[in-house]
>>> print(open('final38.pdb').read())   # PDB, C-alpha atoms
MODEL        1
ATOM      1  CA  MET Q 258       6.365  17.386   7.062  1.00  0.00           C
ATOM      2  CA  ILE Q 259       4.659  14.112   6.149  1.00  0.00           C
ATOM      3  CA  ASP Q 260       6.693  10.942   6.669  1.00  0.00           C
ATOM      4  CA  TRP Q 261       5.665   9.217   3.417  1.00  0.00           C
ATOM      5  CA  ARG Q 262       7.602   6.041   4.143  1.00  0.00           C
ATOM      6  CA  ARG Q 263       5.680   5.555   7.373  1.00  0.00           C
ATOM      7  CA  LYS Q 264       2.394   6.602   5.771  1.00  0.00           C
ATOM      8  CA  LEU Q 265       2.746   4.195   2.814  1.00  0.00           C
ATOM      9  CA  SER Q 266       3.558   1.302   5.138  1.00  0.00           C
ATOM     10  CA  SER Q 267       0.393   1.848   7.166  1.00  0.00           C
ATOM     11  CA  ARG Q 268      -2.408  -0.689   6.711  1.00  0.00           C
ATOM     12  CA  LYS Q 269      -4.845   1.980   7.893  1.00  0.00           C
ATOM     13  CA  PHE Q 270      -3.741   4.245   5.030  1.00  0.00           C
ATOM     14  CA  TRP Q 271      -4.341   1.518   2.446  1.00  0.00           C
ATOM     15  CA  ALA Q 272      -7.738   0.669   3.959  1.00  0.00           C
ATOM     16  CA  LEU Q 273      -8.619   4.359   3.670  1.00  0.00           C
ATOM     17  CA  ALA Q 274      -7.372   4.479   0.063  1.00  0.00           C
ATOM     18  CA  ALA Q 275      -9.455   1.421  -0.860  1.00  0.00           C
ATOM     19  CA  GLY Q 276     -12.518   2.948   0.810  1.00  0.00           C
ATOM     20  CA  VAL Q 277     -12.128   6.279  -0.956  1.00  0.00           C
ATOM     21  CA  VAL Q 278     -11.567   4.663  -4.355  1.00  0.00           C
ATOM     22  CA  THR Q 279     -14.556   2.362  -3.832  1.00  0.00           C
ATOM     23  CA  SER Q 280     -16.788   5.293  -2.893  1.00  0.00           C
ATOM     24  CA  ILE Q 281     -15.683   7.307  -5.928  1.00  0.00           C
ATOM     25  CA  LEU Q 282     -16.356   4.366  -8.257  1.00  0.00           C
ATOM     26  CA  VAL Q 283     -19.817   3.826  -6.778  1.00  0.00           C
ATOM     27  CA  LEU Q 284     -20.638   7.529  -7.111  1.00  0.00           C
ATOM     28  CA  ALA Q 285     -19.405   7.484 -10.711  1.00  0.00           C
ATOM     29  CA  GLY Q 286     -21.772   4.609 -11.488  1.00  0.00           C
ATOM     30  CA  ALA Q 287     -19.165   1.925 -12.094  1.00  0.00           C
ATOM     31  CA  GLY Q 288     -20.425  -1.633 -12.140  1.00  0.00           C
ATOM     32  CA  GLU Q 289     -19.980  -3.950  -9.186  1.00  0.00           C
ATOM     33  CA  ASP Q 290     -17.389  -6.023 -11.050  1.00  0.00           C
ATOM     34  CA  THR Q 291     -15.257  -2.942 -11.728  1.00  0.00           C
ATOM     35  CA  VAL Q 292     -15.485  -1.790  -8.110  1.00  0.00           C
ATOM     36  CA  VAL Q 293     -14.357  -5.192  -6.841  1.00  0.00           C
ATOM     37  CA  LYS Q 294     -11.430  -5.350  -9.272  1.00  0.00           C
ATOM     38  CA  VAL Q 295     -10.176  -1.839  -8.512  1.00  0.00           C
ATOM     39  CA  THR Q 296     -10.512  -2.384  -4.764  1.00  0.00           C
ATOM     40  CA  ALA Q 297      -8.524  -5.610  -5.080  1.00  0.00           C
ATOM     41  CA  LEU Q 298      -5.852  -3.765  -7.056  1.00  0.00           C
ATOM     42  CA  VAL Q 299      -5.532  -0.971  -4.471  1.00  0.00           C
ATOM     43  CA  THR Q 300      -5.279  -3.393  -1.551  1.00  0.00           C
ATOM     44  CA  SER Q 301      -2.766  -5.639  -3.300  1.00  0.00           C
ATOM     45  CA  VAL Q 302      -0.537  -2.679  -4.218  1.00  0.00           C
ATOM     46  CA  GLY Q 303      -0.748  -1.557  -0.600  1.00  0.00           C
ATOM     47  CA  ALA Q 304       0.287  -4.993   0.617  1.00  0.00           C
ATOM     48  CA  VAL Q 305       3.289  -5.089  -1.725  1.00  0.00           C
ATOM     49  CA  ILE Q 306       4.468  -1.608  -0.741  1.00  0.00           C
ATOM     50  CA  THR Q 307       4.049  -2.397   2.959  1.00  0.00           C
ATOM     51  CA  TYR Q 308       6.062  -5.603   2.550  1.00  0.00           C
ATOM     52  CA  ILE Q 309       8.869  -3.862   0.660  1.00  0.00           C
ATOM     53  CA  LEU Q 310       9.168  -1.071   3.230  1.00  0.00           C
ATOM     54  CA  ALA Q 311       9.044  -3.532   6.129  1.00  0.00           C
ATOM     55  CA  GLU Q 312      11.807  -5.662   4.596  1.00  0.00           C
ATOM     56  CA  ALA Q 313      13.920  -2.569   3.929  1.00  0.00           C
ATOM     57  CA  SER Q 314      13.519  -1.526   7.547  1.00  0.00           C
ATOM     58  CA  VAL Q 315      14.558  -4.971   8.799  1.00  0.00           C
ATOM     59  CA  ASP Q 316      17.554  -5.011   6.446  1.00  0.00           C
ATOM     60  CA  CYS Q 317      18.688  -1.600   7.688  1.00  0.00           C
ATOM     61  CA  LYS Q 318      18.410  -2.686  11.315  1.00  0.00           C
ATOM     62  CA  ASN Q 319      20.434  -5.833  10.547  1.00  0.00           C
ATOM     63  CA  GLY Q 320      23.143  -3.811   8.851  1.00  0.00           C
ATOM     64  CA  ASN Q 321      22.332  -5.025   5.328  1.00  0.00           C
ATOM     65  CA  GLY Q 322      21.061  -1.671   4.072  1.00  0.00           C
ATOM     66  CA  GLY Q 323      24.137  -0.918   1.980  1.00  0.00           C
ATOM     67  CA  GLY Q 324      23.176  -3.265  -0.819  1.00  0.00           C
ATOM     68  CA  LYS Q 325      26.161  -5.544  -0.249  1.00  0.00           C
ATOM     69  CA  LYS Q 326      25.569  -9.278  -0.050  1.00  0.00           C
ATOM     70  CA  GLU Q 327      27.315 -10.987   2.811  1.00  0.00           C
TER      71      GLU Q 327
ENDMDL
END
>>> encode(input="final38.pdb", output="structure tokens")
Amino acid sequence: MIDWRRKLSSRKFWALAAGVVTSILVLAGAGEDTVVKVTALVTSVGAVITYILAEASVDCKNGNGGGKKE
């Protein structure tokens, strides 16, 4: 079974995703400007997801995972 939480928090996964998307856009004949914008979007979404999962992990380890403010 794939551990999606771990996979989505991997920088290697997001680098792979950006590379695959970039290659597909180039093969489809997209312009350079479009390729740059889509690659930036994929990497920024990856950074946000990685940050959220990392913070959730830290909160759980600190005992703040129940959603209660202390």
>>> residues_near_point(input="final38.pdb", point="(-3.4, 1.5, 2.1)", cutoff="10 Å", atoms="all atoms listed in the file", output="JSON, numbers by chain")
{"Q": [264, 265, 266, 267, 268, 269, 270, 271, 272, 273, 274, 275, 276, 299, 300, 301, 302, 303, 304, 306, 307]}
>>> atom_distance(input="final38.pdb", atom1="CA of Tyr308 (chain Q)", atom2="CA of Val277 (chain Q)")
22.0 Å
>>> atom_distance(input="final38.pdb", atom1="CA of Val293 (chain Q)", atom2="CA of Asp260 (chain Q)")
29.8 Å
>>> atom_distance(input="final38.pdb", atom1="CA of Cys317 (chain Q)", atom2="CA of Ile259 (chain Q)")
21.1 Å
>>> residues_around(input="final38.pdb", residues="Ile281 (chain Q)", least_positions_apart="6", cutoff="12 Å", atoms="all atoms listed in the file", output="list in words")
Ala274, Ala275, Ala287, Gly288, Thr291, Val292, Val295 and Thr296 of chain Q
